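Text of the file model15.txt, holding compact mmCIF, C-alpha atoms and all ligand atoms:
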# COMPACT_ATOMS: atom_id res chain seq x y z
CA MET A 1 -22.06 -5.26 -57.89
CA SER A 2 -23.40 -4.29 -54.51
CA ILE A 3 -21.98 -1.78 -52.08
CA THR A 4 -21.48 -2.58 -48.41
CA ALA A 5 -20.72 0.11 -45.84
CA TYR A 6 -18.81 -0.61 -42.61
CA LYS A 7 -19.00 1.67 -39.66
CA ALA A 8 -17.19 1.93 -36.32
CA ARG A 9 -16.84 4.75 -33.84
CA PHE A 10 -13.28 5.40 -35.07
CA ILE A 11 -11.55 4.63 -38.37
CA ALA A 12 -7.77 5.08 -38.70
CA VAL A 13 -7.71 5.55 -42.46
CA ASN A 14 -3.94 5.99 -42.25
CA PRO A 15 -1.52 6.50 -39.34
CA LYS A 16 -2.03 10.28 -39.41
CA LYS A 17 -5.79 10.47 -39.82
CA ILE A 18 -8.47 9.00 -37.57
CA LEU A 19 -12.11 9.67 -38.45
CA LYS A 20 -15.09 9.51 -36.11
CA ASN A 21 -18.46 7.99 -37.04
CA GLU A 22 -17.79 7.57 -40.76
CA TYR A 23 -18.40 4.74 -43.26
CA ILE A 24 -16.05 2.64 -45.37
CA HIS A 25 -17.85 1.71 -48.60
CA ILE A 26 -16.64 -1.35 -50.43
CA GLU A 27 -17.58 -2.83 -53.78
CA ALA A 28 -16.08 -5.95 -55.37
CA GLY A 29 -13.26 -6.13 -52.83
CA THR A 30 -12.17 -2.52 -53.25
CA ILE A 31 -12.65 0.56 -51.07
CA ILE A 32 -14.68 3.01 -53.12
CA GLU A 33 -15.30 5.76 -50.60
CA VAL A 34 -14.83 6.68 -46.95
CA SER A 35 -17.37 9.31 -46.01
CA PRO A 36 -19.53 10.63 -43.16
CA ARG A 37 -22.72 9.71 -45.06
CA ILE A 38 -23.96 6.43 -46.46
CA LEU A 39 -23.83 6.43 -50.27
CA PRO A 40 -27.35 6.16 -51.79
CA GLN A 41 -26.67 2.87 -53.64
CA THR A 42 -25.49 1.08 -50.49
CA GLU A 43 -27.22 -2.27 -49.98
CA ARG A 44 -25.86 -3.24 -46.58
CA VAL A 45 -24.62 -1.28 -43.58
CA ILE A 46 -22.63 -3.13 -40.95
CA ASN A 47 -21.93 -1.37 -37.67
CA LEU A 48 -18.94 -3.06 -36.07
CA GLY A 49 -19.18 -1.16 -32.78
CA ASP A 50 -17.57 1.44 -30.53
CA GLY A 51 -13.96 0.41 -31.17
CA ILE A 52 -11.56 1.32 -33.95
CA ILE A 53 -10.96 0.07 -37.49
CA ILE A 54 -7.36 -0.02 -38.73
CA SER A 55 -5.92 -1.25 -42.02
CA ALA A 56 -5.16 -4.98 -42.00
CA LEU A 57 -1.82 -5.97 -40.47
CA ILE A 58 1.26 -6.72 -42.55
CA ASN A 59 3.83 -9.23 -41.30
CA THR A 60 6.98 -8.41 -43.24
CA HIS A 61 9.07 -11.32 -41.96
CA THR A 62 8.06 -14.81 -40.97
CA HIS A 63 9.10 -18.41 -41.53
CA LEU A 64 5.89 -20.47 -41.49
CA GLU A 65 8.08 -23.43 -42.35
CA LEU A 66 9.49 -23.47 -38.80
CA SER A 67 6.09 -23.50 -37.05
CA ALA A 68 6.51 -27.11 -35.90
CA PHE A 69 9.24 -25.92 -33.53
CA LYS A 70 7.04 -23.69 -31.42
CA ASN A 71 8.23 -24.00 -27.78
CA GLN A 72 10.67 -26.71 -28.86
CA ILE A 73 14.01 -24.91 -28.68
CA SER A 74 15.33 -23.24 -25.55
CA TYR A 75 16.73 -19.69 -25.81
CA LYS A 76 18.89 -20.21 -22.74
CA TYR A 77 22.04 -21.64 -24.31
CA GLY A 78 22.87 -18.85 -26.77
CA PHE A 79 22.23 -18.16 -30.42
CA LYS A 80 24.70 -20.63 -31.91
CA LYS A 81 23.21 -23.51 -29.92
CA TRP A 82 19.69 -22.37 -30.89
CA VAL A 83 20.60 -22.36 -34.61
CA LYS A 84 22.31 -25.74 -34.29
CA THR A 85 19.32 -27.33 -32.56
CA LEU A 86 16.92 -25.78 -35.06
CA LEU A 87 18.88 -27.17 -38.02
CA GLU A 88 19.11 -30.61 -36.44
CA LYS A 89 15.43 -30.71 -35.65
CA ARG A 90 14.53 -29.52 -39.15
CA GLU A 91 16.68 -32.21 -40.72
CA ASN A 92 15.08 -34.90 -38.55
CA THR A 93 11.43 -33.89 -38.87
CA ASP A 94 9.13 -35.41 -41.42
CA LYS A 95 8.16 -32.91 -44.13
CA LYS A 96 4.47 -33.62 -43.59
CA ILE A 97 4.76 -32.50 -39.96
CA LEU A 98 6.45 -29.27 -41.09
CA ILE A 99 3.75 -28.64 -43.70
CA ASP A 100 0.85 -29.35 -41.34
CA ALA A 101 2.26 -27.04 -38.67
CA ALA A 102 2.93 -24.34 -41.30
CA LYS A 103 -0.64 -24.53 -42.53
CA LYS A 104 -2.08 -24.30 -39.03
CA ALA A 105 0.15 -21.28 -38.27
CA ALA A 106 -0.80 -19.63 -41.59
CA ILE A 107 -4.50 -19.91 -40.70
CA GLU A 108 -3.79 -18.44 -37.27
CA LEU A 109 -1.90 -15.61 -38.97
CA LEU A 110 -4.91 -14.87 -41.19
CA ASN A 111 -7.13 -14.89 -38.11
CA THR A 112 -5.03 -12.17 -36.47
CA GLY A 113 -6.08 -9.86 -39.32
CA CYS A 114 -3.05 -10.36 -41.52
CA ALA A 115 -3.45 -11.48 -45.14
CA VAL A 116 -0.34 -9.73 -46.41
CA CYS A 117 2.99 -11.18 -45.42
CA ALA A 118 6.55 -11.96 -46.41
CA GLU A 119 7.26 -15.66 -45.98
CA ILE A 120 10.87 -16.84 -46.01
CA SER A 121 11.17 -20.45 -47.08
CA THR A 122 14.36 -22.51 -47.22
CA LEU A 123 12.82 -25.91 -47.95
CA LYS A 124 10.19 -24.53 -50.35
CA LEU A 125 7.42 -26.23 -48.35
CA THR A 126 5.17 -23.19 -47.94
CA LYS A 127 4.79 -21.94 -51.51
CA GLN A 128 1.57 -23.86 -52.03
CA ILE A 129 0.12 -22.86 -48.65
CA PHE A 130 0.85 -19.21 -49.41
CA ALA A 131 -1.11 -19.44 -52.68
CA GLU A 132 -3.90 -21.71 -51.39
CA LEU A 133 -4.71 -19.43 -48.48
CA ASN A 134 -4.67 -16.49 -50.86
CA PHE A 135 -2.00 -14.43 -49.10
CA ALA A 136 -0.84 -11.23 -50.69
CA GLY A 137 2.77 -10.14 -50.32
CA VAL A 138 5.94 -11.97 -51.21
CA TRP A 139 6.99 -15.58 -50.84
CA PHE A 140 10.78 -15.65 -50.73
CA GLU A 141 12.88 -18.66 -51.52
CA GLU A 142 15.86 -18.34 -49.21
CA LYS A 143 19.35 -19.32 -50.28
CA LEU A 144 22.55 -19.65 -48.26
CA LYS A 145 26.10 -20.99 -48.13
CA ASN A 146 27.97 -20.91 -51.43
CA ASP A 147 25.61 -22.18 -54.08
CA LEU A 148 24.45 -19.85 -56.83
CA PRO A 149 23.18 -22.12 -59.58
CA ASP A 150 24.81 -21.62 -62.96
CA ASN A 151 22.87 -19.25 -65.20
CA PHE A 152 20.60 -18.31 -62.32
CA LYS A 153 17.63 -16.37 -63.65
CA ILE A 154 14.21 -15.55 -62.31
CA ASN A 155 11.47 -17.40 -64.16
CA LYS A 156 8.83 -15.40 -65.92
CA THR A 157 6.16 -17.06 -63.77
CA ASP A 158 7.80 -15.65 -60.64
CA ARG A 159 6.88 -12.20 -61.86
CA ILE A 160 3.20 -12.94 -62.33
CA LYS A 161 1.09 -10.42 -60.54
CA THR A 162 -2.09 -11.99 -59.25
CA ARG A 163 -5.23 -10.07 -58.38
CA GLN A 164 -4.03 -10.20 -54.79
CA ASN A 165 -0.54 -8.84 -55.52
CA ARG A 166 1.29 -12.01 -54.69
CA TYR A 167 4.90 -12.22 -55.83
CA TYR A 168 7.63 -14.82 -55.69
CA SER A 169 11.18 -13.69 -55.09
CA TYR A 170 14.49 -14.72 -53.50
CA ALA A 171 16.10 -13.95 -50.16
CA GLY A 172 19.68 -14.31 -49.04
CA HIS A 173 19.95 -15.79 -45.56
CA ALA A 174 22.52 -13.47 -43.95
CA PRO A 175 25.98 -11.95 -44.50
CA HIS A 176 27.60 -14.49 -42.12
CA THR A 177 26.03 -17.58 -43.72
CA THR A 178 25.97 -16.74 -47.40
CA SER A 179 28.75 -16.03 -49.86
CA PRO A 180 29.01 -12.50 -51.25
CA PHE A 181 28.79 -13.94 -54.79
CA LEU A 182 25.50 -15.64 -54.04
CA LEU A 183 24.10 -12.52 -52.34
CA ALA A 184 25.18 -10.20 -55.16
CA GLY A 185 23.83 -12.63 -57.77
CA LEU A 186 20.43 -12.98 -56.11
CA LYS A 187 20.15 -9.24 -55.61
CA LYS A 188 21.08 -8.51 -59.22
CA GLU A 189 18.41 -10.85 -60.58
CA THR A 190 15.63 -9.79 -58.19
CA LYS A 191 16.37 -6.16 -58.95
CA LYS A 192 16.21 -6.80 -62.68
CA ALA A 193 12.77 -8.34 -62.16
CA GLY A 194 11.65 -5.40 -59.98
CA LEU A 195 11.14 -7.70 -57.00
CA PRO A 196 11.95 -7.17 -53.32
CA PHE A 197 14.99 -8.87 -51.81
CA SER A 198 15.16 -9.81 -48.12
CA ILE A 199 18.13 -10.59 -45.88
CA HIS A 200 18.74 -11.04 -42.12
CA THR A 201 21.35 -8.45 -41.17
CA ALA A 202 23.31 -7.59 -37.99
CA GLU A 203 21.17 -9.95 -35.94
CA SER A 204 23.66 -11.43 -33.48
CA ALA A 205 26.92 -10.83 -31.64
CA GLU A 206 28.25 -13.97 -33.34
CA GLU A 207 27.51 -12.50 -36.78
CA THR A 208 29.19 -9.21 -35.88
CA GLU A 209 32.30 -10.96 -34.58
CA PHE A 210 32.60 -13.12 -37.68
CA ILE A 211 32.01 -10.29 -40.17
CA THR A 212 34.40 -7.88 -38.48
CA THR A 213 37.22 -10.38 -37.77
CA GLY A 214 36.66 -13.34 -40.12
CA LYS A 215 37.09 -15.54 -37.01
CA GLY A 216 35.38 -16.65 -33.81
CA GLU A 217 32.60 -19.02 -32.81
CA TRP A 218 30.72 -18.58 -36.06
CA ALA A 219 33.79 -19.39 -38.16
CA GLU A 220 34.06 -22.67 -36.23
CA PHE A 221 30.38 -23.36 -36.79
CA LEU A 222 30.73 -22.85 -40.57
CA ALA A 223 33.82 -25.04 -40.65
CA GLU A 224 31.92 -27.81 -38.80
CA ARG A 225 29.27 -27.61 -41.49
CA ASN A 226 31.85 -27.68 -44.29
CA VAL A 227 31.05 -24.17 -45.49
CA ASP A 228 34.16 -22.68 -47.06
CA TYR A 229 34.16 -18.97 -46.23
CA LYS A 230 37.79 -18.27 -47.12
CA GLY A 231 36.94 -16.37 -50.30
CA TRP A 232 34.19 -14.24 -48.75
CA GLY A 233 36.32 -11.09 -48.52
CA LEU A 234 36.22 -10.79 -44.73
CA PRO A 235 36.82 -9.02 -42.42
CA ALA A 236 34.54 -6.11 -43.25
CA LYS A 237 33.69 -3.03 -41.23
CA SER A 238 30.16 -4.26 -40.41
CA SER A 239 27.44 -6.42 -41.91
CA VAL A 240 25.76 -3.33 -43.35
CA SER A 241 28.93 -1.97 -44.97
CA HIS A 242 29.65 -5.49 -46.32
CA LEU A 243 26.22 -5.44 -48.02
CA GLU A 244 26.73 -1.88 -49.22
CA ASN A 245 29.97 -2.94 -50.90
CA LEU A 246 28.03 -5.69 -52.68
CA ASN A 247 25.47 -3.15 -54.01
CA ILE A 248 22.69 -4.80 -52.06
CA LEU A 249 21.22 -1.76 -50.33
CA ASP A 250 18.43 -0.04 -52.21
CA ARG A 251 14.69 0.61 -52.08
CA LEU A 252 13.87 -2.97 -53.03
CA THR A 253 15.87 -4.47 -50.16
CA ILE A 254 14.43 -5.41 -46.76
CA LEU A 255 17.06 -5.72 -44.04
CA VAL A 256 15.72 -7.84 -41.19
CA HIS A 257 16.62 -7.37 -37.48
CA LEU A 258 19.53 -4.83 -37.31
CA THR A 259 19.79 -5.66 -33.60
CA PHE A 260 23.53 -4.99 -33.59
CA ALA A 261 23.63 -2.17 -36.17
CA SER A 262 25.50 1.02 -35.25
CA GLU A 263 24.24 4.54 -35.91
CA GLU A 264 26.72 4.73 -38.80
CA ASP A 265 25.17 1.56 -40.27
CA LEU A 266 21.70 3.05 -39.95
CA ARG A 267 22.82 6.23 -41.71
CA ILE A 268 24.11 4.13 -44.63
CA ILE A 269 20.73 2.36 -44.80
CA LYS A 270 18.94 5.72 -44.80
CA LYS A 271 21.20 7.04 -47.56
CA ARG A 272 20.54 3.99 -49.75
CA GLY A 273 16.79 4.01 -49.10
CA ALA A 274 16.66 0.37 -47.96
CA ASN A 275 13.85 -0.84 -45.69
CA ILE A 276 14.21 -2.26 -42.19
CA CYS A 277 12.02 -5.00 -40.79
CA LEU A 278 12.15 -5.32 -37.01
CA CYS A 279 11.27 -8.51 -35.13
CA PRO A 280 11.67 -7.24 -31.56
CA ARG A 281 10.23 -10.19 -29.61
CA SER A 282 12.47 -12.63 -31.48
CA ASN A 283 15.52 -10.41 -30.82
CA TYR A 284 14.64 -10.18 -27.16
CA ASN A 285 14.22 -13.94 -26.83
CA LEU A 286 17.33 -14.93 -28.76
CA HIS A 287 19.74 -12.10 -28.02
CA ASP A 288 18.34 -10.32 -24.97
CA LYS A 289 18.74 -7.12 -26.96
CA LEU A 290 16.58 -4.78 -29.03
CA PRO A 291 17.51 -2.75 -32.11
CA SER A 292 17.92 1.04 -31.85
CA ILE A 293 14.33 1.62 -32.83
CA GLU A 294 14.30 5.27 -31.75
CA THR A 295 17.30 6.08 -33.98
CA ILE A 296 15.76 4.14 -36.87
CA LEU A 297 12.58 6.21 -36.56
CA LYS A 298 14.47 9.47 -35.99
CA LEU A 299 16.44 8.94 -39.20
CA GLY A 300 13.18 8.43 -41.10
CA ILE A 301 14.05 4.96 -42.44
CA ASN A 302 11.06 3.00 -43.73
CA ALA A 303 10.69 0.53 -40.85
CA CYS A 304 8.11 -2.20 -40.50
CA PHE A 305 7.40 -5.20 -38.28
CA GLY A 306 7.77 -8.94 -38.73
CA THR A 307 7.40 -11.65 -36.13
CA ASP A 308 10.10 -14.08 -37.26
CA SER A 309 9.06 -17.71 -36.77
CA LEU A 310 7.22 -19.51 -33.98
CA ALA A 311 10.61 -21.02 -33.07
CA SER A 312 11.66 -17.63 -31.65
CA ALA A 313 8.38 -15.78 -30.96
CA ASP A 314 5.20 -16.97 -29.22
CA THR A 315 2.79 -15.77 -31.89
CA LEU A 316 2.68 -14.46 -35.46
CA ASP A 317 0.48 -11.55 -34.37
CA ILE A 318 1.89 -8.15 -35.38
CA LEU A 319 -0.16 -6.55 -32.59
CA ASP A 320 2.00 -8.51 -30.14
CA GLU A 321 4.98 -6.64 -31.61
CA THR A 322 3.25 -3.25 -31.31
CA ALA A 323 2.17 -4.02 -27.72
CA PHE A 324 5.69 -5.18 -26.83
CA ILE A 325 7.30 -2.03 -28.25
CA ALA A 326 4.64 0.25 -26.70
CA LYS A 327 5.58 -1.21 -23.33
CA LYS A 328 9.36 -1.03 -23.81
CA PHE A 329 9.37 2.40 -25.48
CA PRO A 330 6.27 4.27 -24.24
CA GLU A 331 7.49 7.48 -25.91
CA ILE A 332 7.09 6.00 -29.43
CA SER A 333 3.77 7.30 -30.75
CA ALA A 334 0.83 5.08 -31.67
CA GLU A 335 0.90 6.78 -35.08
CA LYS A 336 4.45 5.50 -35.71
CA LEU A 337 3.57 2.00 -34.50
CA LEU A 338 0.50 1.82 -36.75
CA GLY A 339 2.65 2.83 -39.72
CA MET A 340 5.13 0.06 -38.92
CA ALA A 341 2.33 -2.50 -38.60
CA THR A 342 0.63 -1.54 -41.88
CA ILE A 343 1.66 0.91 -44.63
CA ASN A 344 5.44 0.70 -44.07
CA GLY A 345 5.32 -3.06 -44.65
CA ALA A 346 3.31 -2.49 -47.84
CA LYS A 347 5.98 -0.03 -49.03
CA ALA A 348 8.80 -2.46 -48.24
CA LEU A 349 7.00 -5.14 -50.26
CA GLY A 350 6.23 -2.72 -53.11
CA ILE A 351 2.44 -3.07 -52.83
CA GLU A 352 1.49 0.22 -51.17
CA GLU A 353 -0.79 1.12 -54.05
CA SER A 354 -3.19 -1.62 -52.96
CA TYR A 355 -2.56 -2.18 -49.24
CA GLY A 356 -1.64 -0.55 -45.97
CA THR A 357 -4.26 2.19 -45.56
CA ILE A 358 -8.04 2.53 -45.77
CA GLU A 359 -8.28 4.77 -48.78
CA LYS A 360 -10.21 4.94 -52.02
CA GLY A 361 -8.93 2.46 -54.59
CA LYS A 362 -7.17 0.16 -52.13
CA LYS A 363 -8.17 -3.45 -51.44
CA ALA A 364 -10.81 -3.88 -48.76
CA PHE A 365 -8.67 -5.39 -46.01
CA PHE A 366 -9.26 -3.97 -42.56
CA LEU A 367 -9.49 -4.91 -38.97
CA TYR A 368 -11.96 -3.91 -36.26
CA LEU A 369 -10.47 -3.81 -32.78
CA PRO A 370 -12.93 -3.63 -29.85
CA VAL A 371 -11.46 -1.02 -27.52
CA LYS A 372 -13.16 1.34 -25.12
CA ALA A 373 -11.99 4.91 -25.48
CA SER A 374 -13.74 8.23 -25.82
CA ASP A 375 -11.18 9.96 -28.01
CA LYS A 376 -9.47 8.81 -31.18
CA LYS A 377 -5.87 8.93 -29.98
CA ALA A 378 -6.69 6.89 -26.88
CA ALA A 379 -8.58 4.38 -29.06
CA LEU A 380 -5.57 3.81 -31.32
CA LYS A 381 -3.20 3.59 -28.37
CA ALA A 382 -5.39 0.98 -26.66
CA ALA A 383 -5.74 -0.98 -29.91
CA LEU A 384 -1.98 -1.22 -30.45
CA ARG A 385 -1.54 -2.35 -26.85
CA LYS A 386 -4.15 -5.07 -27.37
CA GLN A 387 -6.43 -3.69 -24.68
CA PHE A 388 -9.51 -5.32 -26.16
CA ASN A 389 -12.83 -6.21 -24.67
CA GLY A 390 -14.05 -8.70 -27.20
CA LYS A 391 -12.79 -10.28 -30.39
CA ARG A 392 -11.19 -8.55 -33.34
CA VAL A 393 -13.07 -8.75 -36.66
CA PHE A 394 -11.13 -9.09 -39.89
CA ILE A 395 -12.79 -7.83 -43.05
CA ASP A 396 -10.90 -9.67 -45.75
CA SER A 397 -12.57 -9.37 -49.09
CA PHE A 398 -10.56 -12.18 -50.71
CA GLN A 399 -11.22 -15.03 -48.32
ZN ZN A 401 14.13 -14.75 -39.88

With the file now loaded, output its structure as structure tokens.
Amino acid sequence: MSITAYKARFIAVNPKKILKNEYIHIEAGTIIEVSPRILPQTERVINLGDGIIISALINTHTHLELSAFKNQISYKYGFKKWVKTLLEKRENTDKKILIDAAKKAAIELLNTGCAVCAEISTLKLTKQIFAELNFAGVWFEEKLKNDLPDNFKINKTDRIKTRQNRYYSYAGHAPHTTSPFLLAGLKKETKKAGLPFSIHTAESAEETEFITTGKGEWAEFLAERNVDYKGWGLPAKSSVSHLENLNILDRLTILVHLTFASEEDLRIIKKRGANICLCPRSNYNLHDKLPSIETILKLGINACFGTDSLASADTLDILDETAFIAKKFPEISAEKLLGMATINGAKALGIEESYGTIEKGKKAFFLYLPVKASDKKAALKAALRKQFNGKRVFIDSFQ
């Protein structure tokens, strides 16, 4: 096997450590050494330029399956209307159109420098795409309403660990759309298999109203769709406390959004060690609100980024999330943002041994970003704000 060395002016090996003028040595798809000198056996040296190398991006929440609805649904008429239109459009769109759009979006996602993601699929149309394009991460089959199949068990094949660390698991849609029995059942089985579990939580005002009163616009919406929620044990104090009561919060759970979570909710999440995935651009578009990101970071919760689908965000690029947050919250450090875009997502997905930083023994997945800066901190800051002069280069040893 031959060794290749990659060089750039700066290398952020992890969020806390940025090296200058060093080399990343890779052999057979694995990082074998990061050092200031070229190893003697090195066959090829590739100098990427004066910018910065960061670990490849991790998108911890997307729905490739909804890619056909990019720019198709207006945000102007409120969340309930948006959901209603989305469901109608999905029911009336040919599956081939959904698959083709998903594939195109998945390729675009890879081209942003992201080969590790969490895909949430309701129609099961993206499982093959996820495998064919060699994504690492977790493909989640999402379930909602009241149906937990009898004798629900996770197949042995779902637990197969591929060389890329690709897993198949289950997600619950959300506390206001899914029965507590289904959520608890899915969580119990995924936990038994050692797999992550994902769920949208505290995303909207409509969800909060329904969970805390058992009534309101969302109750009407469920009734229209013939979803019987009478036995769901509502009202509850909040979506988070509802999930806590169902034993859903632990290290293997990824709570997505938390736009409407209170500080008390966040403290519960911290206590249980659950992960938070933020999709700020989607929240801003759909709810005109952002989660309490500063409190989430202050509490030390493992927080990462997802984009949500192209139906509620313009791109699947995680650097668009970092740039958006850097602009809205300039006091949040570049170090924290890099963690959320890389290693924290790997931790949430349980694959941090192989992904998320540029360190010996990890998979050779990294991204060169062409920025102009004379010191390392400024280089990282510019990179996460997408201040590029040129194209990014993705070193992806599995493609
Ligand atoms: Zn989502």

Inset, instruction - Go through A:Tyr368, A:Phe152, A:Trp218, A:Tyr77 and flag the residue nearest Gly49 of chain A, using all atoms listed in the file for the distances. - result: A:Tyr368

Legend entry - Test item: which residues lie within 9 Å of (6.6, -17.5, -48.9) counting all atoms listed in the file, as JSON, numbers by chain: {"A": [62, 63, 64, 65, 117, 118, 119, 120, 121, 124, 125, 126, 127, 128, 129, 130, 131, 137, 138, 139, 140, 141, 167, 168, 169]}

Inset, instruction - Dump as a list in words all residues having an atom at most 10 Å from (11.3, 3.4, -39.1), computed in the file's coordinates with only C-alpha atoms. - result: Lys270, Asn275, Ile276, Cys277, Leu278, Ile293, Glu294, Thr295, Ile296, Leu297, Lys298, Leu299, Gly300, Ile301, Asn302, Ala303, Cys304, Phe305, Lys336, Leu337, Gly339, Met340 and Asn344 of chain A

Residues from last step as file, C-alpha atoms, as a JSON list (two decimals), in the coordinates of the input:
[["chain", "number", "residue", "atom", "x", "y", "z"],
["A", 270, "LYS", "CA", 18.94, 5.72, -44.80],
["A", 275, "ASN", "CA", 13.85, -0.84, -45.69],
["A", 276, "ILE", "CA", 14.21, -2.26, -42.19],
["A", 277, "CYS", "CA", 12.02, -5.00, -40.79],
["A", 278, "LEU", "CA", 12.15, -5.32, -37.01],
["A", 293, "ILE", "CA", 14.33, 1.62, -32.83],
["A", 294, "GLU", "CA", 14.30, 5.27, -31.75],
["A", 295, "THR", "CA", 17.30, 6.08, -33.98],
["A", 296, "ILE", "CA", 15.76, 4.14, -36.87],
["A", 297, "LEU", "CA", 12.58, 6.21, -36.56],
["A", 298, "LYS", "CA", 14.47, 9.47, -35.99],
["A", 299, "LEU", "CA", 16.44, 8.94, -39.20],
["A", 300, "GLY", "CA", 13.18, 8.43, -41.10],
["A", 301, "ILE", "CA", 14.05, 4.96, -42.44],
["A", 302, "ASN", "CA", 11.06, 3.00, -43.73],
["A", 303, "ALA", "CA", 10.69, 0.53, -40.85],
["A", 304, "CYS", "CA", 8.11, -2.20, -40.50],
["A", 305, "PHE", "CA", 7.40, -5.20, -38.28],
["A", 336, "LYS", "CA", 4.45, 5.50, -35.71],
["A", 337, "LEU", "CA", 3.57, 2.00, -34.50],
["A", 339, "GLY", "CA", 2.65, 2.83, -39.72],
["A", 340, "MET", "CA", 5.13, 0.06, -38.92],
["A", 344, "ASN", "CA", 5.44, 0.70, -44.07]]

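Residue nearest Arg225 of chain A within the list A:Thr177, A:Thr212, A:Asn245, A:Ser262: A:Thr177 [criterion: smallest interatomic distance, all atoms listed in the file].
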
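Checking A:Leu319, A:Cys279, A:Ala346, A:Ala236 one by one against ligand ZN 401 (chain A), counting only C-alpha atoms and all ligand atoms, you find the shortest gap at A:Cys279.
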
Can I get N, CA and C atoms for segment 370-385 of chain A, as a PDB file, in the first residue's frame?
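Result went into part02.pdb, see below:
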ATOM      1  N   PRO A 370     -10.382  26.977   0.598  1.00  0.00           N
ATOM      2  CA  PRO A 370      -9.428  27.990   0.139  1.00  0.00           C
ATOM      3  C   PRO A 370      -9.730  29.373   0.718  1.00  0.00           C
ATOM      4  N   VAL A 371      -9.152  29.651   1.882  1.00  0.00           N
ATOM      5  CA  VAL A 371      -9.338  30.974   2.484  1.00  0.00           C
ATOM      6  C   VAL A 371      -8.003  31.696   2.513  1.00  0.00           C
ATOM      7  N   LYS A 372      -8.087  32.998   2.629  1.00  0.00           N
ATOM      8  CA  LYS A 372      -6.852  33.797   2.744  1.00  0.00           C
ATOM      9  C   LYS A 372      -6.789  34.343   4.151  1.00  0.00           C
ATOM     10  N   ALA A 373      -5.826  33.871   4.922  1.00  0.00           N
ATOM     11  CA  ALA A 373      -5.668  34.409   6.277  1.00  0.00           C
ATOM     12  C   ALA A 373      -4.254  34.106   6.733  1.00  0.00           C
ATOM     13  N   SER A 374      -3.678  35.031   7.492  1.00  0.00           N
ATOM     14  CA  SER A 374      -2.284  34.815   7.878  1.00  0.00           C
ATOM     15  C   SER A 374      -2.169  34.046   9.191  1.00  0.00           C
ATOM     16  N   ASP A 375      -3.231  34.078  10.028  1.00  0.00           N
ATOM     17  CA  ASP A 375      -3.101  33.268  11.245  1.00  0.00           C
ATOM     18  C   ASP A 375      -4.205  32.216  11.309  1.00  0.00           C
ATOM     19  N   LYS A 376      -3.939  31.187  12.121  1.00  0.00           N
ATOM     20  CA  LYS A 376      -4.801  30.009  12.095  1.00  0.00           C
ATOM     21  C   LYS A 376      -6.233  30.273  12.540  1.00  0.00           C
ATOM     22  N   LYS A 377      -6.395  31.099  13.553  1.00  0.00           N
ATOM     23  CA  LYS A 377      -7.757  31.379  14.041  1.00  0.00           C
ATOM     24  C   LYS A 377      -8.576  32.096  12.977  1.00  0.00           C
ATOM     25  N   ALA A 378      -7.940  33.067  12.316  1.00  0.00           N
ATOM     26  CA  ALA A 378      -8.633  33.823  11.264  1.00  0.00           C
ATOM     27  C   ALA A 378      -8.972  32.898  10.099  1.00  0.00           C
ATOM     28  N   ALA A 379      -8.092  31.931   9.820  1.00  0.00           N
ATOM     29  CA  ALA A 379      -8.338  30.988   8.714  1.00  0.00           C
ATOM     30  C   ALA A 379      -9.581  30.146   9.002  1.00  0.00           C
ATOM     31  N   LEU A 380      -9.685  29.647  10.235  1.00  0.00           N
ATOM     32  CA  LEU A 380     -10.847  28.816  10.584  1.00  0.00           C
ATOM     33  C   LEU A 380     -12.135  29.649  10.569  1.00  0.00           C
ATOM     34  N   LYS A 381     -12.036  30.843  11.086  1.00  0.00           N
ATOM     35  CA  LYS A 381     -13.198  31.737  11.123  1.00  0.00           C
ATOM     36  C   LYS A 381     -13.693  32.021   9.700  1.00  0.00           C
ATOM     37  N   ALA A 382     -12.777  32.330   8.818  1.00  0.00           N
ATOM     38  CA  ALA A 382     -13.146  32.625   7.422  1.00  0.00           C
ATOM     39  C   ALA A 382     -13.755  31.385   6.765  1.00  0.00           C
ATOM     40  N   ALA A 383     -13.176  30.212   7.066  1.00  0.00           N
ATOM     41  CA  ALA A 383     -13.658  28.965   6.454  1.00  0.00           C
ATOM     42  C   ALA A 383     -15.108  28.695   6.853  1.00  0.00           C
ATOM     43  N   LEU A 384     -15.419  28.891   8.137  1.00  0.00           N
ATOM     44  CA  LEU A 384     -16.759  28.580   8.623  1.00  0.00           C
ATOM     45  C   LEU A 384     -17.771  29.655   8.246  1.00  0.00           C
ATOM     46  N   ARG A 385     -17.273  30.762   7.711  1.00  0.00           N
ATOM     47  CA  ARG A 385     -18.166  31.799   7.174  1.00  0.00           C
ATOM     48  C   ARG A 385     -18.236  31.716   5.653  1.00  0.00           C
TER      49      ARG A 385
END
